[in-house]
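Raw contents of coords.pdb, PDB, C-alpha atoms:
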```
ATOM      1  CA  MET A   1       0.000   0.000   0.000
ATOM      2  CA  LYS A   2       1.668   3.095  -1.125
ATOM      3  CA  ARG A   3       0.601   6.684  -1.339
ATOM      4  CA  HIS A   4       0.759   8.798  -4.414
ATOM      5  CA  LYS A   5       4.050  10.506  -4.723
ATOM      6  CA  PRO A   6       3.530  14.231  -4.904
ATOM      7  CA  ASN A   7       5.371  15.180  -8.050
ATOM      8  CA  ALA A   8       7.480  14.186 -11.015
ATOM      9  CA  GLU A   9       4.895  11.627 -11.894
ATOM     10  CA  MET A  10       2.512  11.400 -14.781
ATOM     11  CA  SER A  11      -1.163  12.044 -14.217
ATOM     12  CA  ASP A  12      -3.478   9.070 -14.639
ATOM     13  CA  GLU A  13      -4.606  10.411 -17.988
ATOM     14  CA  LEU A  14      -1.052  10.535 -19.324
ATOM     15  CA  LEU A  15      -0.285   7.180 -17.717
ATOM     16  CA  VAL A  16      -3.140   5.530 -19.584
ATOM     17  CA  VAL A  17      -2.006   6.954 -22.924
ATOM     18  CA  ALA A  18       1.585   5.886 -22.210
ATOM     19  CA  LEU A  19       0.505   2.398 -21.121
ATOM     20  CA  LYS A  20      -1.475   1.985 -24.320
ATOM     21  CA  LYS A  21       1.785   2.646 -26.161
ATOM     22  CA  GLY A  22       3.599   0.065 -24.041
ATOM     23  CA  ASP A  23       5.708   2.686 -22.247
ATOM     24  CA  GLU A  24       7.926   0.964 -19.687
ATOM     25  CA  ALA A  25       8.489   3.988 -17.423
ATOM     26  CA  ALA A  26       4.741   4.523 -17.146
ATOM     27  CA  PHE A  27       4.239   0.879 -16.279
ATOM     28  CA  ARG A  28       6.964   0.947 -13.650
ATOM     29  CA  GLN A  29       5.367   4.023 -12.124
ATOM     30  CA  ILE A  30       1.896   2.530 -11.832
ATOM     31  CA  PHE A  31       3.367  -0.762 -10.636
ATOM     32  CA  ALA A  32       5.385   0.908  -7.861
ATOM     33  CA  ARG A  33       2.343   2.919  -6.830
ATOM     34  CA  GLU A  34      -0.205   0.124  -6.692
ATOM     35  CA  ASN A  35       1.510  -3.227  -6.286
ATOM     36  CA  ALA A  36       1.713  -3.340  -2.497
ATOM     37  CA  ALA A  37      -1.900  -2.145  -2.164
ATOM     38  CA  LEU A  38      -3.026  -4.789  -4.648
ATOM     39  CA  LEU A  39      -1.226  -7.505  -2.701
ATOM     40  CA  ALA A  40      -2.930  -6.426   0.511
ATOM     41  CA  PHE A  41      -6.275  -6.308  -1.275
ATOM     42  CA  ALA A  42      -5.810  -9.766  -2.831
ATOM     43  CA  ARG A  43      -5.442 -11.215   0.659
ATOM     44  CA  ASN A  44      -9.088 -10.428   1.298
ATOM     45  CA  PHE A  45      -9.927 -13.103  -1.246
ATOM     46  CA  VAL A  46      -7.088 -15.589  -0.991
ATOM     47  CA  ARG A  47      -5.305 -15.984   2.291
ATOM     48  CA  GLU A  48      -2.051 -17.592   1.196
ATOM     49  CA  SER A  49       0.568 -15.091   0.104
ATOM     50  CA  ALA A  50       1.661 -17.188  -2.893
ATOM     51  CA  ALA A  51      -1.914 -17.212  -4.196
ATOM     52  CA  ALA A  52      -2.245 -13.473  -3.554
ATOM     53  CA  GLU A  53       0.986 -12.807  -5.442
ATOM     54  CA  GLU A  54      -0.233 -14.939  -8.319
ATOM     55  CA  ALA A  55      -3.539 -13.046  -8.448
ATOM     56  CA  VAL A  56      -1.688  -9.717  -8.533
ATOM     57  CA  GLN A  57       0.724 -10.905 -11.229
ATOM     58  CA  ASP A  58      -2.277 -12.079 -13.298
ATOM     59  CA  THR A  59      -3.848  -8.679 -12.707
ATOM     60  CA  TRP A  60      -0.848  -6.899 -14.203
ATOM     61  CA  VAL A  61      -0.938  -9.234 -17.195
ATOM     62  CA  ALA A  62      -4.634  -8.388 -17.600
ATOM     63  CA  VAL A  63      -3.906  -4.674 -17.216
ATOM     64  CA  ILE A  64      -1.238  -4.796 -19.939
ATOM     65  CA  GLY A  65      -3.582  -6.785 -22.149
ATOM     66  CA  GLY A  66      -6.701  -4.790 -21.407
ATOM     67  CA  ILE A  67      -5.574  -1.177 -21.029
ATOM     68  CA  GLY A  68      -6.635  -0.562 -24.622
ATOM     69  CA  ARG A  69     -10.223  -1.099 -23.535
ATOM     70  CA  PHE A  70      -9.970   1.208 -20.524
ATOM     71  CA  GLU A  71     -12.211   4.149 -21.316
ATOM     72  CA  GLY A  72     -11.743   6.256 -18.219
ATOM     73  CA  ARG A  73     -15.260   5.767 -16.902
ATOM     74  CA  SER A  74     -13.721   5.007 -13.515
ATOM     75  CA  THR A  75     -10.320   6.037 -12.201
ATOM     76  CA  LEU A  76      -7.367   3.957 -13.333
ATOM     77  CA  ARG A  77      -6.895   2.782  -9.755
ATOM     78  CA  SER A  78     -10.535   1.637  -9.403
ATOM     79  CA  TRP A  79     -10.289  -0.180 -12.692
ATOM     80  CA  ILE A  80      -7.132  -2.057 -11.672
ATOM     81  CA  PHE A  81      -8.715  -3.005  -8.328
ATOM     82  CA  SER A  82     -11.805  -4.325 -10.091
ATOM     83  CA  VAL A  83      -9.642  -6.391 -12.455
ATOM     84  CA  LEU A  84      -7.933  -7.872  -9.392
ATOM     85  CA  ALA A  85     -11.224  -8.510  -7.590
ATOM     86  CA  ASN A  86     -12.505 -10.509 -10.576
ATOM     87  CA  ILE A  87      -9.324 -12.520 -10.888
ATOM     88  CA  ALA A  88      -9.048 -13.187  -7.152
ATOM     89  CA  ARG A  89     -12.707 -14.179  -6.902
ATOM     90  CA  THR A  90     -12.312 -16.671  -9.747
ATOM     91  CA  LYS A  91      -9.176 -18.050  -8.136
ATOM     92  CA  ALA A  92     -10.847 -18.415  -4.749
ATOM     93  CA  LYS A  93     -13.757 -20.234  -6.347
ATOM     94  CA  ARG A  94     -11.446 -22.520  -8.312
ATOM     95  CA  ASP A  95      -9.552 -23.390  -5.139
ATOM     96  CA  GLY A  96     -12.814 -24.335  -3.499
ATOM     97  CA  ARG A  97     -12.804 -21.402  -1.177
ATOM     98  CA  ILE A  98     -16.331 -20.245  -0.753
ATOM     99  CA  LEU A  99     -16.056 -16.567  -0.483
ATOM    100  CA  SER A 100     -19.009 -14.641   0.686
ATOM    101  CA  PHE A 101     -18.845 -10.974   1.341
ATOM    102  CA  SER A 102     -22.402 -10.924   2.465
ATOM    103  CA  ASP A 103     -22.715 -13.123   5.510
ATOM    104  CA  MET A 104     -20.329 -11.861   8.098
ATOM    105  CA  GLY A 105     -19.270  -8.772   9.892
ATOM    106  CA  PHE A 106     -22.671  -7.137   9.793
ATOM    107  CA  ASN A 107     -23.944  -7.830  13.250
ATOM    108  CA  ASP A 108     -21.034  -6.748  15.383
ATOM    109  CA  PRO A 109     -21.993  -3.637  17.339
ATOM    110  CA  ALA A 110     -19.913  -0.555  16.504
ATOM    111  CA  VAL A 111     -19.235   0.071  20.178
ATOM    112  CA  ASP A 112     -18.952  -2.579  22.883
ATOM    113  CA  PRO A 113     -22.508  -2.817  24.281
ATOM    114  CA  ASP A 114     -21.129  -3.036  27.834
ATOM    115  CA  ARG A 115     -20.128   0.587  27.567
ATOM    116  CA  PHE A 116     -23.757   1.702  27.524
ATOM    117  CA  SER A 117     -26.361   1.565  30.219
ATOM    118  CA  GLY A 118     -29.751   0.021  29.601
ATOM    119  CA  ASP A 119     -31.162   3.297  28.299
ATOM    120  CA  GLY A 120     -28.379   3.644  25.732
ATOM    121  CA  THR A 121     -26.306   6.365  27.423
ATOM    122  CA  TRP A 122     -22.582   6.029  28.016
ATOM    123  CA  LEU A 123     -21.512   4.143  31.129
ATOM    124  CA  SER A 124     -17.897   4.236  30.128
ATOM    125  CA  PRO A 125     -17.566   7.270  27.859
ATOM    126  CA  PRO A 126     -14.719   7.766  25.389
ATOM    127  CA  GLY A 127     -11.945  10.127  26.397
ATOM    128  CA  ARG A 128     -10.721  13.091  24.413
ATOM    129  CA  TRP A 129      -7.935  12.442  21.968
ATOM    130  CA  SER A 130      -6.583  15.938  22.354
ATOM    131  CA  GLU A 131      -3.037  14.831  21.649
ATOM    132  CA  ILE A 132      -4.046  13.609  18.230
ATOM    133  CA  ASN A 133      -4.045  16.724  16.152
ATOM    134  CA  PRO A 134      -5.961  16.579  12.886
ATOM    135  CA  GLU A 135      -3.265  18.498  11.035
ATOM    136  CA  ARG A 136      -0.343  16.541  12.271
ATOM    137  CA  ILE A 137      -1.030  13.334  14.047
ATOM    138  CA  VAL A 138       1.438  12.993  16.848
ATOM    139  CA  GLY A 139       2.830   9.512  16.975
ATOM    140  CA  GLY A 140       1.153   8.937  13.620
ATOM    141  CA  ARG A 141       3.517   6.268  12.433
ATOM    142  CA  GLN A 142       3.115   4.144  15.528
ATOM    143  CA  LEU A 143      -0.644   4.599  15.602
ATOM    144  CA  PHE A 144      -0.885   3.793  11.938
ATOM    145  CA  ALA A 145       1.177   0.632  12.383
ATOM    146  CA  HIS A 146      -1.174  -0.328  15.186
ATOM    147  CA  ALA A 147      -4.203   0.368  12.992
ATOM    148  CA  MET A 148      -2.734  -1.901  10.319
ATOM    149  CA  VAL A 149      -2.379  -4.743  12.807
ATOM    150  CA  VAL A 150      -6.046  -4.352  13.718
ATOM    151  CA  MET A 151      -6.932  -4.220  10.004
ATOM    152  CA  GLU A 152      -5.435  -7.678   9.614
ATOM    153  CA  GLU A 153      -7.818  -9.017  12.229
ATOM    154  CA  LEU A 154     -10.978  -7.627  10.638
ATOM    155  CA  PRO A 155     -13.287  -9.945   8.721
ATOM    156  CA  PRO A 156     -12.213  -9.827   5.055
ATOM    157  CA  ASN A 157     -15.252  -7.888   3.897
ATOM    158  CA  GLN A 158     -14.760  -5.151   6.493
ATOM    159  CA  ARG A 159     -11.053  -5.019   5.740
ATOM    160  CA  ALA A 160     -11.678  -4.767   1.999
ATOM    161  CA  VAL A 161     -14.121  -1.869   2.410
ATOM    162  CA  VAL A 162     -11.893   0.044   4.856
ATOM    163  CA  GLN A 163      -8.924  -0.417   2.534
ATOM    164  CA  LEU A 164     -10.744   0.786  -0.564
ATOM    165  CA  ARG A 165     -12.554   3.700   1.073
ATOM    166  CA  ASP A 166     -10.237   5.027   3.744
ATOM    167  CA  ILE A 167      -6.776   3.933   2.701
ATOM    168  CA  GLU A 168      -7.021   4.028  -1.080
ATOM    169  CA  GLY A 169      -9.547   6.845  -1.033
ATOM    170  CA  LEU A 170     -11.957   5.317  -3.545
ATOM    171  CA  SER A 171     -15.555   6.490  -3.731
ATOM    172  CA  ALA A 172     -18.426   4.506  -2.240
ATOM    173  CA  PRO A 173     -19.870   3.593  -5.682
ATOM    174  CA  ASP A 174     -16.442   2.389  -6.889
ATOM    175  CA  ALA A 175     -15.991   0.270  -3.743
ATOM    176  CA  CYS A 176     -19.463  -1.249  -4.260
ATOM    177  CA  ASP A 177     -18.694  -2.076  -7.892
ATOM    178  CA  ILE A 178     -15.352  -3.648  -7.085
ATOM    179  CA  LEU A 179     -16.692  -5.773  -4.234
ATOM    180  CA  GLY A 180     -20.109  -6.487  -5.711
ATOM    181  CA  ILE A 181     -21.958  -5.284  -2.629
ATOM    182  CA  THR A 182     -24.833  -2.892  -2.114
ATOM    183  CA  GLU A 183     -24.382   0.678  -0.970
ATOM    184  CA  ALA A 184     -26.149  -0.115   2.325
ATOM    185  CA  ASN A 185     -23.870  -3.073   3.060
ATOM    186  CA  GLN A 186     -20.835  -1.043   2.124
ATOM    187  CA  ARG A 187     -21.802   1.571   4.716
ATOM    188  CA  ILE A 188     -22.331  -1.030   7.432
ATOM    189  CA  LEU A 189     -19.031  -2.802   6.749
ATOM    190  CA  LEU A 190     -17.122   0.468   6.624
ATOM    191  CA  HIS A 191     -18.500   1.584   9.964
ATOM    192  CA  ARG A 192     -17.908  -1.796  11.618
ATOM    193  CA  GLY A 193     -14.330  -1.879  10.391
ATOM    194  CA  ARG A 194     -13.557   1.716  11.370
ATOM    195  CA  SER A 195     -15.156   1.182  14.776
ATOM    196  CA  LYS A 196     -12.877  -1.732  15.601
ATOM    197  CA  ILE A 197      -9.817   0.232  14.601
ATOM    198  CA  ARG A 198     -11.023   3.179  16.713
ATOM    199  CA  ALA A 199     -11.519   0.880  19.704
ATOM    200  CA  ALA A 200      -8.005  -0.510  19.362
ATOM    201  CA  ILE A 201      -6.479   2.961  19.146
ATOM    202  CA  GLU A 202      -8.499   3.974  22.192
ATOM    203  CA  VAL A 203      -6.882   1.213  24.203
ATOM    204  CA  LEU A 204      -3.458   2.223  22.951
ATOM    205  CA  MET A 205      -4.053   5.896  23.798
ATOM    206  CA  ASP A 206      -5.385   5.175  27.247
ATOM    207  CA  PRO A 207      -5.041   1.630  28.506
ATOM    208  CA  ASP A 208      -7.230   2.508  31.499
ATOM    209  CA  SER A 209     -10.122   3.657  29.333
ATOM    210  CA  GLY A 210     -13.256   1.612  29.104
ATOM    211  CA  GLY A 211     -12.254   0.621  25.603
ATOM    212  CA  GLN A 212     -11.944  -3.062  25.006
ATOM    213  CA  VAL A 213     -10.638  -4.776  21.972
ATOM    214  CA  GLY A 214     -12.884  -7.655  21.247
ATOM    215  CA  PRO A 215     -11.586 -10.843  19.758
ATOM    216  CA  ALA A 216     -11.361 -10.764  15.979
ATOM    217  CA  LYS A 217     -14.453 -12.338  14.526
TER     218      LYS A 217
ATOM    219  CA  MET B 218     -34.170  11.703  20.525
ATOM    220  CA  LEU B 219     -31.288   9.448  19.577
ATOM    221  CA  THR B 220     -29.466   7.551  22.288
ATOM    222  CA  CYS B 221     -25.683   7.505  22.640
ATOM    223  CA  ARG B 222     -25.739   3.901  21.492
ATOM    224  CA  GLU B 223     -27.506   4.965  18.302
ATOM    225  CA  ILE B 224     -24.943   7.701  17.708
ATOM    226  CA  GLY B 225     -22.292   4.990  17.974
ATOM    227  CA  GLU B 226     -24.028   3.099  15.177
ATOM    228  CA  ARG B 227     -24.512   6.105  12.888
ATOM    229  CA  ALA B 228     -21.261   7.972  13.324
ATOM    230  CA  SER B 229     -19.675   6.927  10.022
ATOM    231  CA  ASP B 230     -22.749   7.881   8.017
ATOM    232  CA  TYR B 231     -22.682  11.234   9.786
ATOM    233  CA  LEU B 232     -18.977  11.789   9.082
ATOM    234  CA  ASP B 233     -19.336  10.701   5.447
ATOM    235  CA  ASN B 234     -22.404  12.907   5.048
ATOM    236  CA  ASP B 235     -24.207   9.782   4.018
ATOM    237  CA  MET B 236     -27.555  10.324   5.761
ATOM    238  CA  ASN B 237     -30.714  12.237   5.011
ATOM    239  CA  TRP B 238     -31.377  15.709   6.333
ATOM    240  CA  ARG B 239     -33.695  14.634   9.113
ATOM    241  CA  ASN B 240     -31.254  12.071  10.515
ATOM    242  CA  ARG B 241     -28.437  14.529  10.227
ATOM    243  CA  VAL B 242     -30.332  17.075  12.281
ATOM    244  CA  SER B 243     -31.087  14.405  14.924
ATOM    245  CA  VAL B 244     -27.412  13.547  15.216
ATOM    246  CA  ARG B 245     -26.429  17.224  15.374
ATOM    247  CA  LEU B 246     -28.948  17.889  18.147
ATOM    248  CA  HIS B 247     -27.635  14.976  20.170
ATOM    249  CA  LEU B 248     -24.026  16.075  19.692
ATOM    250  CA  MET B 249     -24.872  19.608  20.843
ATOM    251  CA  MET B 250     -25.950  18.205  24.169
ATOM    252  CA  CYS B 251     -23.637  15.247  24.669
ATOM    253  CA  LYS B 252     -19.911  15.770  25.135
ATOM    254  CA  HIS B 253     -19.270  12.026  25.311
ATOM    255  CA  CYS B 254     -20.702  11.482  21.869
ATOM    256  CA  ARG B 255     -18.773  14.503  20.581
ATOM    257  CA  ALA B 256     -15.632  12.795  21.885
ATOM    258  CA  TYR B 257     -16.688   9.545  20.261
ATOM    259  CA  VAL B 258     -17.362  11.112  16.852
ATOM    260  CA  ASP B 259     -14.070  12.987  17.103
ATOM    261  CA  GLN B 260     -12.225   9.727  17.811
ATOM    262  CA  LEU B 261     -13.813   8.069  14.809
ATOM    263  CA  ALA B 262     -12.985  11.069  12.596
ATOM    264  CA  LYS B 263      -9.376  10.927  13.736
ATOM    265  CA  THR B 264      -9.273   7.193  13.056
ATOM    266  CA  VAL B 265     -10.407   7.811   9.481
ATOM    267  CA  GLN B 266      -7.895  10.618   9.137
ATOM    268  CA  LEU B 267      -5.128   8.370  10.381
ATOM    269  CA  LEU B 268      -6.022   5.747   7.770
ATOM    270  CA  ARG B 269      -6.243   8.388   5.030
ATOM    271  CA  ASN B 270      -2.931  10.008   5.831
ATOM    272  CA  GLY B 271      -1.247   6.761   6.749
ATOM    273  CA  ILE B 272       2.427   6.556   6.274
ATOM    274  CA  PHE B 273       3.071   3.534   4.201
ATOM    275  CA  THR B 274       6.515   2.157   4.062
ATOM    276  CA  GLY B 275       5.410   0.566   0.773
ATOM    277  CA  ASP B 276       8.147  -1.417  -0.854
ATOM    278  CA  ALA B 277       9.413   0.127  -4.051
ATOM    279  CA  SER B 278       8.158  -2.848  -6.005
ATOM    280  CA  GLU B 279       9.562  -3.554  -9.430
ATOM    281  CA  PRO B 280       7.743  -5.499 -12.109
ATOM    282  CA  ASP B 281       9.445  -8.750 -13.026
ATOM    283  CA  ALA B 282      10.905  -9.655 -16.419
ATOM    284  CA  GLU B 283       7.756 -11.438 -17.562
ATOM    285  CA  LEU B 284       5.661  -8.279 -17.276
ATOM    286  CA  ILE B 285       8.285  -6.059 -18.904
ATOM    287  CA  ALA B 286       8.628  -8.515 -21.808
ATOM    288  CA  LEU B 287       4.860  -8.644 -22.194
ATOM    289  CA  LEU B 288       4.688  -4.869 -22.232
ATOM    290  CA  ALA B 289       7.483  -4.596 -24.789
ATOM    291  CA  THR B 290       5.615  -6.807 -27.230
ATOM    292  CA  ARG B 291       2.319  -5.002 -26.724
ATOM    293  CA  PRO B 292       0.941  -3.574 -29.980
ATOM    294  CA  ASP B 293       0.591   0.220 -29.873
ATOM    295  CA  GLU B 294      -3.148   0.772 -29.772
ATOM    296  CA  THR B 295      -2.986   4.537 -29.921
ATOM    297  CA  LYS B 296      -2.134   4.530 -33.610
TER     298      LYS B 296
END
```

What does the file become when written as structure tokens?
Amino acid sequence: MKRHKPNAEMSDELLVVALKKGDEAAFRQIFARENAALLAFARNFVRESAAAEEAVQDTWVAVIGGIGRFEGRSTLRSWIFSVLANIARTKAKRDGRILSFSDMGFNDPAVDPDRFSGDGTWLSPPGRWSEINPERIVGGRQLFAHAMVVMEELPPNQRAVVQLRDIEGLSAPDACDILGITEANQRILLHRGRSKIRAAIEVLMDPDSGGQVGPAK
Amino acid sequence: MLTCREIGERASDYLDNDMNWRNRVSVRLHLMMCKHCRAYVDQLAKTVQLLRNGIFTGDASEPDAELIALLATRPDETK
């Protein structure tokens, strides 16, 4: 998972034109930008790293072969992720892995129910994260590393939605298309996933808080 | 009137502006009166921000020879 580099890189529009011409520099650029994120994403479908690597390699082959048909209706990134989702889904099915994005991770409460009283008010309220500044998150690297560990423990459908929406910054409709889920389910999974990461950070920020990290389900 | 528990369930929709006007007003009214839920929503917002601005160590991956060879033999479709 890698962020966009700020400069000296081609825009997606130029990248697509260059890729259609078989430009190696353009390909190396898009590869360096997306490969790690694609590998992480593939793991939502196939657990073994060799299978994930194979799915990503097949995705690049399909991107090279299919870029001519890319019409820019979605972003280049969304398109590549949807190519991977199709390949990984097929692979999971072929390997006898029944993959359902629709039957888990929906019923977990966003906040541990024990933190509320019977009438739904806070018994154990959240503290203020005043030391986390929106502009510059103090201890950001450590917190982010912690968030990534929690990500790994999320059910695959929650992890996939959080990755696409919050880490890769894709739109809700693009995430729905890629994962083949409804808008309503996308919203539920996103909130469940974010909530678990929030709870884990809460414990890290203040081990004495009422926050509890539940077992990964 | 929404309960704190309900705010906990709706906080992402609120942050993503993914709720209708009426629900949005209900959440806003609750937040005006409840500092605990304000803290909760703030924590969730910061969590999202952390994920968005995450510092990835991302390996500088290089495509292997197979992909480069495939690319090199790709017909130019822009002509």

Practice item. Report as a PyMOL selection string the residues that result from applying the PyMOL selection byres ((chain A) within 8 of (chain B)) to the structure here. Key: chain A and resi 1-3+17+20-24+28+31-32+35-36+60-61+64-65+68+109-111+113+116+119-122+125-129+132+134+137+140-141+143-144+147+166-169+187+190-191+194-195+197-198+201

Give the centre and edge lengths of an axis-aligned box, in Å to one decimal, that holds all listed atoms of region 194-204 of chain A with 6 Å on each side, as JSON.
```
{"center_x": -9.3, "center_y": 1.1, "center_z": 17.8, "size_x": 23.7, "size_y": 17.7, "size_z": 24.8}
```

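CA of Asp108 (chain A) sits 24.6 Å away from CA of Arg245 (chain B).
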
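Between CA of Trp238 (chain B) and CA of Arg192 (chain A) the interatomic distance comes to 22.7 Å.
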